[in-house]
Amino acid sequence: MHIKKTIRYFKKNGLRPTFYAVWERLEQKKTEKYTYLEPEEEILEAQREYEFSFPLSVSVVVPAYETDELFLQDLILSVMEQTYQPLELVIADASSSERVKKVVEELQKEYDKLVYHHLADNAGIAENTNRAVALAKGEYVGLLDHDDLLTKDALYRVARVIEESKERPYLVFTDEDKTSTYLEKYYEPNRKISFDREMLLTNNYVCHFSVYRKDVIEGLKLNPEYDGAQDYDLVLRTLEKADHDLEEAGKGKKKGEELILHVPEIVYHWRCHESSTAVNPESKMYAYEAGKRAVEDYLARNHIPVKVSHSMHLGYYRLNYGDAVFNLRPDFGIVGGPLYEGGKICGGAMNADGTPVYEGLRKGFTGLRHRAILQQSVPAVDLRNARLSEKAAKILDEVTGIKSEKNGTGENVWFKPVLNGLKNKQILEKSLIFCNKLRTSGIRIMYDPLQEMK
């Protein structure tokens with residue numbers, strides 16, 4: 001951690017968390033080896049020649065404001081050099097000067113897919129983006145910040161995921177990394193998980209690069225009330241719309257997550273410079289407050305009266321369900337927490353095959369992108385640190401023969417598995433059988449890294 005950042009962290013969180021944060025960062029640096037390698041030319045050429053069964057047009061929209069000329073040139077060239085060419089680049093310029101206009105007009109001489117529109121006034125990032133979207137002609141719309149870049153295969157990767165999906169997704173998001181001001185190095189690769197509703201409520205991990213179906217983003221629009229976190233609010237409302245539309249279409253068993261797809265490839269470079277949020281999170285503290293409000297308002301609209309709080313890390317939140325978790329979230333069947341051995345995680349959140357998701361992570365560490373301390377959906381959890389709903393407790397008895405004891409009263413009722421006489425291996429096996437039954441029944445499984453069982 002940088003000295004200034006460490007001091008800010010210490011003032012916010014105190015000595016012990018700072019000690020662990022510095023320790024973990026030093027440990028990560030020992031194994032941190034990353035270099036972005038552009039795909040070889042033969043791969044890029046194969047992408048250019050690939051024949052899509054139904055090629056979709058994509059509009060990349062950029063709300064620009066007094067953008068650095070070099071940054072803008074890099075951005076434009078990164079879009080124009082895409083291997084997938086049913087595209088256009090729409091730049092909506094709210095600058096008072098002509099610096100953006102001059103760069104665009106010069107490059108328009110060479111590229112006819114470059115569209116420029118000068119906005120009458122600067123209405124803020126959300127409304128400026130809405131104006132850019134209104135100008136877009138593509139069937140899908142990609143959101144690109146005015147100082148960032150796409151890799152040459154970005155739109156191809158997105159288009160392939162759309163082509164392979166059973167339904168036209170509402171949103172496709174990708175992996176990303178960061179790059180230095182003048183592109184000398186690439187670092188901090190952000191390899192994301194597939195869409196997870198619960199993790200989204202704790203952090204906008206979707207972020208860059210986001211490509212929306214045009215009718216979806218044009219109908220929802222970005223909301224200026226959340227400027228700074230307008231993209232976070234948009235993802236949340238897109239999820240809501242997907243849930244609602246599937247229910248209206250009589251596809252109630254399907255969930256909105258199925259219309260939000262992930263491209264597991266780094267295709268977006270987030271440029272870090274002095275004024276960017278990427279290099280100085282405190283430069284946009286208002287954005288984190290807006291993000292918190294976006295989550296709170298999503299919960300309110302969906303009648304989930306849960307208090308949202310900031311975590312130790314900027315841009316990361318916690319939903320404080322307490323003992324009323326199953327009353328507040330009847331879609332949950334089980335909430336599991338971590339298991340430790342020798343000061344390190346040995347179980348808790350599990351993959352479908354029973355391997356611990358965060359195995360070996362030291363207690364007090366937060367994991368890459370702080371994911372290990374976020375509430376999240378998982379394929380399975382260990383029954384040794386688990387709370388069950390009444391319905392799930394009955395299912396546990398039916399499929400494993402394990403009884404549960406009732407805890408709490410009224411809205412705070414939950415059930416604890418009675419595991420007396422069972423060996424750890426047996427508990428693990430029965431945990432997987434039980435969680436598999438919950439998943440196939442459409443019952444959600446949540447991992448809460450702060451849950452401790454007495």
# chains A, B, ... in the order shown; residues from 1 in each chain; ligands from 1

$ select_by_dssp --residues "range 150-261 of chain A" --states "alpha helix (DSSP H)" --output "PyMOL selection string"
chain A and resi 154-164+197-200+214-220+230-248

$ residues_around --residues "range 207-211 of chain A" --least-positions-apart "5" --cutoff "8 Å" --atoms "only C-alpha atoms" --output "compact mmCIF listing (two decimals) with all heavy atoms, in the first residue's frame"
# COMPACT_ATOMS: atom_id res chain seq x y z
N TYR A 140 -26.98 -2.89 -29.46
CA TYR A 140 -26.39 -2.91 -28.13
C TYR A 140 -25.55 -1.65 -27.95
O TYR A 140 -25.04 -1.08 -28.92
CB TYR A 140 -25.52 -4.16 -27.92
CG TYR A 140 -26.34 -5.37 -27.52
CD1 TYR A 140 -26.98 -6.14 -28.48
CD2 TYR A 140 -26.48 -5.73 -26.18
CE1 TYR A 140 -27.75 -7.24 -28.12
CE2 TYR A 140 -27.24 -6.83 -25.81
CZ TYR A 140 -27.88 -7.58 -26.77
OH TYR A 140 -28.64 -8.65 -26.41
N VAL A 141 -25.41 -1.22 -26.69
CA VAL A 141 -24.69 0.01 -26.38
C VAL A 141 -23.64 -0.29 -25.30
O VAL A 141 -23.97 -0.75 -24.21
CB VAL A 141 -25.65 1.11 -25.87
CG1 VAL A 141 -24.87 2.33 -25.41
CG2 VAL A 141 -26.65 1.49 -26.95
N GLY A 142 -22.38 0.00 -25.63
CA GLY A 142 -21.29 -0.17 -24.68
C GLY A 142 -20.90 1.15 -24.07
O GLY A 142 -20.81 2.16 -24.78
N LEU A 143 -20.67 1.18 -22.77
CA LEU A 143 -20.32 2.41 -22.06
C LEU A 143 -18.81 2.47 -21.83
O LEU A 143 -18.23 1.60 -21.18
CB LEU A 143 -21.05 2.47 -20.71
CG LEU A 143 -22.57 2.35 -20.76
CD1 LEU A 143 -23.16 2.46 -19.36
CD2 LEU A 143 -23.18 3.41 -21.67
N LEU A 144 -18.20 3.51 -22.38
CA LEU A 144 -16.75 3.67 -22.30
C LEU A 144 -16.41 5.03 -21.71
O LEU A 144 -16.86 6.06 -22.21
CB LEU A 144 -16.14 3.53 -23.71
CG LEU A 144 -14.64 3.70 -23.88
CD1 LEU A 144 -13.86 2.70 -23.02
CD2 LEU A 144 -14.26 3.54 -25.35
N VAL A 158 -17.65 -9.83 -26.73
CA VAL A 158 -19.02 -9.55 -26.29
C VAL A 158 -20.02 -10.15 -27.28
O VAL A 158 -21.00 -10.80 -26.88
CB VAL A 158 -19.25 -8.04 -26.16
CG1 VAL A 158 -20.73 -7.72 -25.95
CG2 VAL A 158 -18.42 -7.47 -25.01
N LEU A 171 -27.66 -7.35 -20.45
CA LEU A 171 -26.37 -6.75 -20.11
C LEU A 171 -25.28 -7.80 -20.25
O LEU A 171 -25.45 -8.95 -19.85
CB LEU A 171 -26.40 -6.21 -18.68
CG LEU A 171 -25.07 -5.84 -18.01
CD1 LEU A 171 -24.37 -4.72 -18.76
CD2 LEU A 171 -25.30 -5.46 -16.54
N VAL A 172 -24.15 -7.39 -20.82
CA VAL A 172 -22.94 -8.22 -20.87
C VAL A 172 -21.82 -7.41 -20.25
O VAL A 172 -21.62 -6.24 -20.60
CB VAL A 172 -22.58 -8.61 -22.31
CG1 VAL A 172 -21.30 -9.46 -22.32
CG2 VAL A 172 -23.72 -9.37 -22.99
N PHE A 173 -21.09 -8.01 -19.30
CA PHE A 173 -19.96 -7.30 -18.70
C PHE A 173 -18.70 -8.14 -18.82
O PHE A 173 -18.76 -9.35 -19.02
CB PHE A 173 -20.24 -6.93 -17.24
CG PHE A 173 -20.34 -8.10 -16.29
CD1 PHE A 173 -19.27 -8.47 -15.50
CD2 PHE A 173 -21.52 -8.83 -16.18
CE1 PHE A 173 -19.37 -9.54 -14.61
CE2 PHE A 173 -21.64 -9.90 -15.30
CZ PHE A 173 -20.55 -10.25 -14.52
N THR A 174 -17.56 -7.48 -18.72
CA THR A 174 -16.28 -8.14 -19.00
C THR A 174 -15.29 -7.95 -17.86
O THR A 174 -15.53 -7.19 -16.92
CB THR A 174 -15.64 -7.55 -20.27
OG1 THR A 174 -15.12 -6.25 -19.96
CG2 THR A 174 -16.65 -7.42 -21.41
N ASP A 175 -14.16 -8.63 -17.98
CA ASP A 175 -13.06 -8.40 -17.07
C ASP A 175 -12.29 -7.15 -17.50
O ASP A 175 -12.48 -6.65 -18.61
CB ASP A 175 -12.11 -9.61 -17.06
CG ASP A 175 -12.77 -10.85 -16.47
OD1 ASP A 175 -13.88 -10.73 -15.91
OD2 ASP A 175 -12.17 -11.94 -16.57
N GLU A 176 -11.43 -6.66 -16.62
CA GLU A 176 -10.70 -5.43 -16.92
C GLU A 176 -9.37 -5.43 -16.17
O GLU A 176 -9.13 -6.24 -15.30
CB GLU A 176 -11.53 -4.22 -16.48
CG GLU A 176 -11.83 -4.20 -14.99
CD GLU A 176 -12.78 -3.09 -14.57
OE1 GLU A 176 -12.36 -1.92 -14.64
OE2 GLU A 176 -13.92 -3.40 -14.18
N ASP A 231 -23.70 4.21 -12.86
CA ASP A 231 -23.59 2.90 -13.50
C ASP A 231 -24.00 1.78 -12.54
O ASP A 231 -24.60 0.78 -12.96
CB ASP A 231 -22.17 2.67 -14.00
CG ASP A 231 -21.10 2.95 -12.95
OD1 ASP A 231 -21.44 3.50 -11.88
OD2 ASP A 231 -19.93 2.62 -13.20
N TYR A 232 -23.72 1.94 -11.26
CA TYR A 232 -24.12 0.97 -10.24
C TYR A 232 -25.64 0.90 -10.15
O TYR A 232 -26.25 -0.18 -10.20
CB TYR A 232 -23.53 1.40 -8.90
CG TYR A 232 -23.52 0.35 -7.80
CD1 TYR A 232 -23.95 -0.95 -8.00
CD2 TYR A 232 -23.05 0.70 -6.54
CE1 TYR A 232 -23.93 -1.88 -6.98
CE2 TYR A 232 -23.01 -0.23 -5.50
CZ TYR A 232 -23.45 -1.51 -5.72
OH TYR A 232 -23.42 -2.44 -4.71
N VAL A 267 -10.74 -7.17 -21.45
CA VAL A 267 -10.89 -6.45 -22.72
C VAL A 267 -11.02 -4.95 -22.51
O VAL A 267 -11.31 -4.21 -23.45
CB VAL A 267 -12.11 -6.97 -23.52
CG1 VAL A 267 -11.98 -8.46 -23.80
CG2 VAL A 267 -13.42 -6.67 -22.80
N TYR A 268 -10.80 -4.49 -21.27
CA TYR A 268 -10.97 -3.07 -20.94
C TYR A 268 -9.78 -2.61 -20.11
O TYR A 268 -9.43 -3.25 -19.11
CB TYR A 268 -12.26 -2.87 -20.15
CG TYR A 268 -12.70 -1.43 -19.93
CD1 TYR A 268 -13.74 -0.88 -20.68
CD2 TYR A 268 -12.10 -0.63 -18.96
CE1 TYR A 268 -14.17 0.43 -20.46
CE2 TYR A 268 -12.52 0.67 -18.74
CZ TYR A 268 -13.55 1.20 -19.49
OH TYR A 268 -13.97 2.49 -19.28

$ residues_around --residues "Val357 in chain A" --least-positions-apart "6" --cutoff "10 Å" --atoms "only C-alpha atoms" --output "PDB file with all heavy atoms, in the first residue's frame"
ATOM      1  N   ILE A 345      -8.504 -19.897   6.666  1.00  0.00           N
ATOM      2  CA  ILE A 345      -9.780 -20.484   6.253  1.00  0.00           C
ATOM      3  C   ILE A 345      -9.559 -21.907   5.747  1.00  0.00           C
ATOM      4  O   ILE A 345      -8.687 -22.162   4.915  1.00  0.00           O
ATOM      5  CB  ILE A 345     -10.439 -19.627   5.150  1.00  0.00           C
ATOM      6  CG1 ILE A 345     -10.919 -18.293   5.740  1.00  0.00           C
ATOM      7  CG2 ILE A 345     -11.610 -20.368   4.512  1.00  0.00           C
ATOM      8  CD1 ILE A 345     -11.559 -17.358   4.718  1.00  0.00           C
ATOM      9  N   CYS A 346     -10.365 -22.825   6.264  1.00  0.00           N
ATOM     10  CA  CYS A 346     -10.283 -24.217   5.818  1.00  0.00           C
ATOM     11  C   CYS A 346     -11.620 -24.703   5.258  1.00  0.00           C
ATOM     12  O   CYS A 346     -11.729 -25.839   4.775  1.00  0.00           O
ATOM     13  CB  CYS A 346      -9.848 -25.121   6.961  1.00  0.00           C
ATOM     14  SG  CYS A 346     -11.017 -25.168   8.351  1.00  0.00           S
ATOM     15  N   GLY A 347     -12.643 -23.857   5.330  1.00  0.00           N
ATOM     16  CA  GLY A 347     -13.954 -24.259   4.834  1.00  0.00           C
ATOM     17  C   GLY A 347     -14.949 -23.131   4.968  1.00  0.00           C
ATOM     18  O   GLY A 347     -14.606 -21.999   5.304  1.00  0.00           O
ATOM     19  N   GLY A 348     -16.193 -23.452   4.694  1.00  0.00           N
ATOM     20  CA  GLY A 348     -17.266 -22.448   4.734  1.00  0.00           C
ATOM     21  C   GLY A 348     -17.909 -22.326   3.378  1.00  0.00           C
ATOM     22  O   GLY A 348     -18.763 -23.134   3.017  1.00  0.00           O
ATOM     23  N   ALA A 349     -17.484 -21.328   2.604  1.00  0.00           N
ATOM     24  CA  ALA A 349     -17.956 -21.203   1.222  1.00  0.00           C
ATOM     25  C   ALA A 349     -17.272 -22.265   0.377  1.00  0.00           C
ATOM     26  O   ALA A 349     -16.049 -22.415   0.412  1.00  0.00           O
ATOM     27  CB  ALA A 349     -17.629 -19.809   0.693  1.00  0.00           C
ATOM     28  N   MET A 350     -18.087 -23.008  -0.393  1.00  0.00           N
ATOM     29  CA  MET A 350     -17.516 -24.113  -1.174  1.00  0.00           C
ATOM     30  C   MET A 350     -17.992 -24.073  -2.618  1.00  0.00           C
ATOM     31  O   MET A 350     -19.077 -23.586  -2.924  1.00  0.00           O
ATOM     32  CB  MET A 350     -17.916 -25.456  -0.556  1.00  0.00           C
ATOM     33  CG  MET A 350     -17.384 -25.688   0.841  1.00  0.00           C
ATOM     34  SD  MET A 350     -17.706 -27.372   1.428  1.00  0.00           S
ATOM     35  CE  MET A 350     -19.495 -27.330   1.631  1.00  0.00           C
ATOM     36  N   ASN A 351     -17.129 -24.602  -3.478  1.00  0.00           N
ATOM     37  CA  ASN A 351     -17.541 -24.864  -4.848  1.00  0.00           C
ATOM     38  C   ASN A 351     -18.408 -26.122  -4.851  1.00  0.00           C
ATOM     39  O   ASN A 351     -18.515 -26.815  -3.831  1.00  0.00           O
ATOM     40  CB  ASN A 351     -16.307 -25.060  -5.740  1.00  0.00           C
ATOM     41  CG  ASN A 351     -15.449 -23.812  -5.810  1.00  0.00           C
ATOM     42  OD1 ASN A 351     -15.934 -22.733  -6.170  1.00  0.00           O
ATOM     43  ND2 ASN A 351     -14.177 -23.942  -5.464  1.00  0.00           N
ATOM     44  N   ALA A 372     -13.345 -11.852  -0.338  1.00  0.00           N
ATOM     45  CA  ALA A 372     -13.501 -12.827   0.743  1.00  0.00           C
ATOM     46  C   ALA A 372     -14.268 -12.265   1.931  1.00  0.00           C
ATOM     47  O   ALA A 372     -14.691 -13.029   2.806  1.00  0.00           O
ATOM     48  CB  ALA A 372     -12.134 -13.321   1.203  1.00  0.00           C
ATOM     49  N   VAL A 378     -22.974 -18.682  -3.268  1.00  0.00           N
ATOM     50  CA  VAL A 378     -21.992 -19.752  -3.492  1.00  0.00           C
ATOM     51  C   VAL A 378     -22.755 -21.040  -3.797  1.00  0.00           C
ATOM     52  O   VAL A 378     -23.921 -21.179  -3.439  1.00  0.00           O
ATOM     53  CB  VAL A 378     -21.075 -19.956  -2.259  1.00  0.00           C
ATOM     54  CG1 VAL A 378     -20.123 -18.787  -2.081  1.00  0.00           C
ATOM     55  CG2 VAL A 378     -21.885 -20.193  -0.994  1.00  0.00           C
ATOM     56  N   PRO A 379     -22.091 -22.006  -4.444  1.00  0.00           N
ATOM     57  CA  PRO A 379     -22.760 -23.277  -4.735  1.00  0.00           C
ATOM     58  C   PRO A 379     -23.098 -24.077  -3.476  1.00  0.00           C
ATOM     59  O   PRO A 379     -24.090 -24.807  -3.448  1.00  0.00           O
ATOM     60  CB  PRO A 379     -21.728 -24.026  -5.593  1.00  0.00           C
ATOM     61  CG  PRO A 379     -20.861 -22.957  -6.181  1.00  0.00           C
ATOM     62  CD  PRO A 379     -20.779 -21.904  -5.119  1.00  0.00           C
ATOM     63  N   ALA A 380     -22.257 -23.932  -2.433  1.00  0.00           N
ATOM     64  CA  ALA A 380     -22.495 -24.719  -1.215  1.00  0.00           C
ATOM     65  C   ALA A 380     -21.805 -24.066  -0.028  1.00  0.00           C
ATOM     66  O   ALA A 380     -20.841 -23.312  -0.182  1.00  0.00           O
ATOM     67  CB  ALA A 380     -21.980 -26.150  -1.395  1.00  0.00           C
ATOM     68  N   VAL A 381     -22.318 -24.373   1.167  1.00  0.00           N
ATOM     69  CA  VAL A 381     -21.674 -23.953   2.411  1.00  0.00           C
ATOM     70  C   VAL A 381     -21.613 -25.147   3.352  1.00  0.00           C
ATOM     71  O   VAL A 381     -22.356 -26.113   3.204  1.00  0.00           O
ATOM     72  CB  VAL A 381     -22.424 -22.780   3.093  1.00  0.00           C
ATOM     73  CG1 VAL A 381     -22.312 -21.513   2.270  1.00  0.00           C
ATOM     74  CG2 VAL A 381     -23.880 -23.137   3.362  1.00  0.00           C
TER      75      VAL A 381
END

$ residues_around --residues "Ile402 in chain A" --least-positions-apart "6" --cutoff "12 Å" --atoms "only C-alpha atoms" --output "compact mmCIF listing (two decimals) with C-alpha atoms, in the first residue's frame"
# COMPACT_ATOMS: atom_id res chain seq x y z
CA LEU A 383 -23.20 -27.11 7.80
CA ALA A 392 -34.56 -25.59 4.42
CA ALA A 393 -34.40 -27.35 7.79
CA LYS A 394 -37.17 -29.68 6.65
CA ILE A 395 -35.35 -30.34 3.38
CA LEU A 396 -32.14 -31.10 5.30
CA PHE A 415 -32.52 -23.23 12.57
CA LYS A 416 -29.14 -24.76 13.44
CA PRO A 417 -28.19 -28.25 12.19
CA VAL A 418 -27.57 -30.80 14.94
CA LEU A 419 -24.35 -32.52 13.90
CA ASN A 420 -23.57 -34.55 17.03
CA GLY A 421 -21.82 -37.84 16.27
CA LEU A 422 -20.98 -36.96 12.67
CA GLN A 426 -19.65 -37.02 6.71
CA ILE A 427 -20.70 -33.44 7.39
CA LYS A 430 -24.08 -34.17 3.57
CA SER A 431 -23.49 -30.41 3.16
CA ILE A 433 -25.96 -33.19 -0.98
CA PHE A 434 -28.16 -30.72 0.88

$ closest_residue --among "A:Tyr288, A:Tyr170, A:Tyr358, A:Tyr317" --to "Leu200 in chain A" --atoms "only C-alpha atoms"
A:Tyr317

$ atom_distance --atom1 "CA of Glu240 in chain A" --atom2 "CA of Leu220 in chain A"
10.6 Å

$ closest_residue --among "A:Ile162, A:Leu361, A:Leu236, A:Ala134" --to "Val206 in chain A" --atoms "only C-alpha atoms"
A:Leu236

$ residues_around --residues "Leu114 in chain A" --least-positions-apart "3" --cutoff "7 Å" --atoms "only C-alpha atoms" --output "PyMOL selection string"
chain A and resi 88-90+108+111

$ closest_residue --among "A:Thr400, A:Ser311, A:Thr440, A:Thr179" --to "Tyr34 in chain A" --atoms "only C-alpha atoms"
A:Thr179

$ select_by_dssp --residues "range 308-359 of chain A" --states "strand (DSSP E or B)" --output "list of chain:residue names"
A:Val308, A:Ser309, A:His310, A:Tyr317, A:Arg318, A:Leu319, A:Asn320, A:Phe332, A:Gly333, A:Ile334, A:Val335, A:Gly336, A:Leu339, A:Tyr340, A:Glu341, A:Lys344, A:Ile345, A:Cys346, A:Gly347, A:Ala349, A:Met350, A:Pro356

$ residues_around --residues "Gln375 in chain A" --least-positions-apart "2" --cutoff "10 Å" --atoms "only C-alpha atoms" --output "VMD selection string"
chain A and resid 197 to 203 317 to 319 335 to 337 371 to 373 377 to 378 446 to 451

$ residues_around --residues "Gln82 in chain A" --least-positions-apart "3" --cutoff "9 Å" --atoms "only C-alpha atoms" --output "ChimeraX atom specification"
/A:48,77-79,85,87,150-156

$ closest_residue --among "A:Asp148, A:Glu429, A:Glu452, A:Glu66" --to "Asp353 in chain A" --atoms "only C-alpha atoms"
A:Glu429

$ atom_distance --atom1 "CA of Asp245 in chain A" --atom2 "CA of Asn436 in chain A"
27.2 Å

$ atom_distance --atom1 "CA of Phe19 in chain A" --atom2 "CA of Met312 in chain A"
13.1 Å

$ closest_residue --among "A:Glu139, A:Glu359, A:Asp145, A:Asp68" --to "Ala92 in chain A" --atoms "only C-alpha atoms"
A:Asp145

$ closest_residue --among "A:Gly342, A:Pro86, A:Gly256, A:Pro39" --to "Phe54 in chain A" --atoms "only C-alpha atoms"
A:Pro86
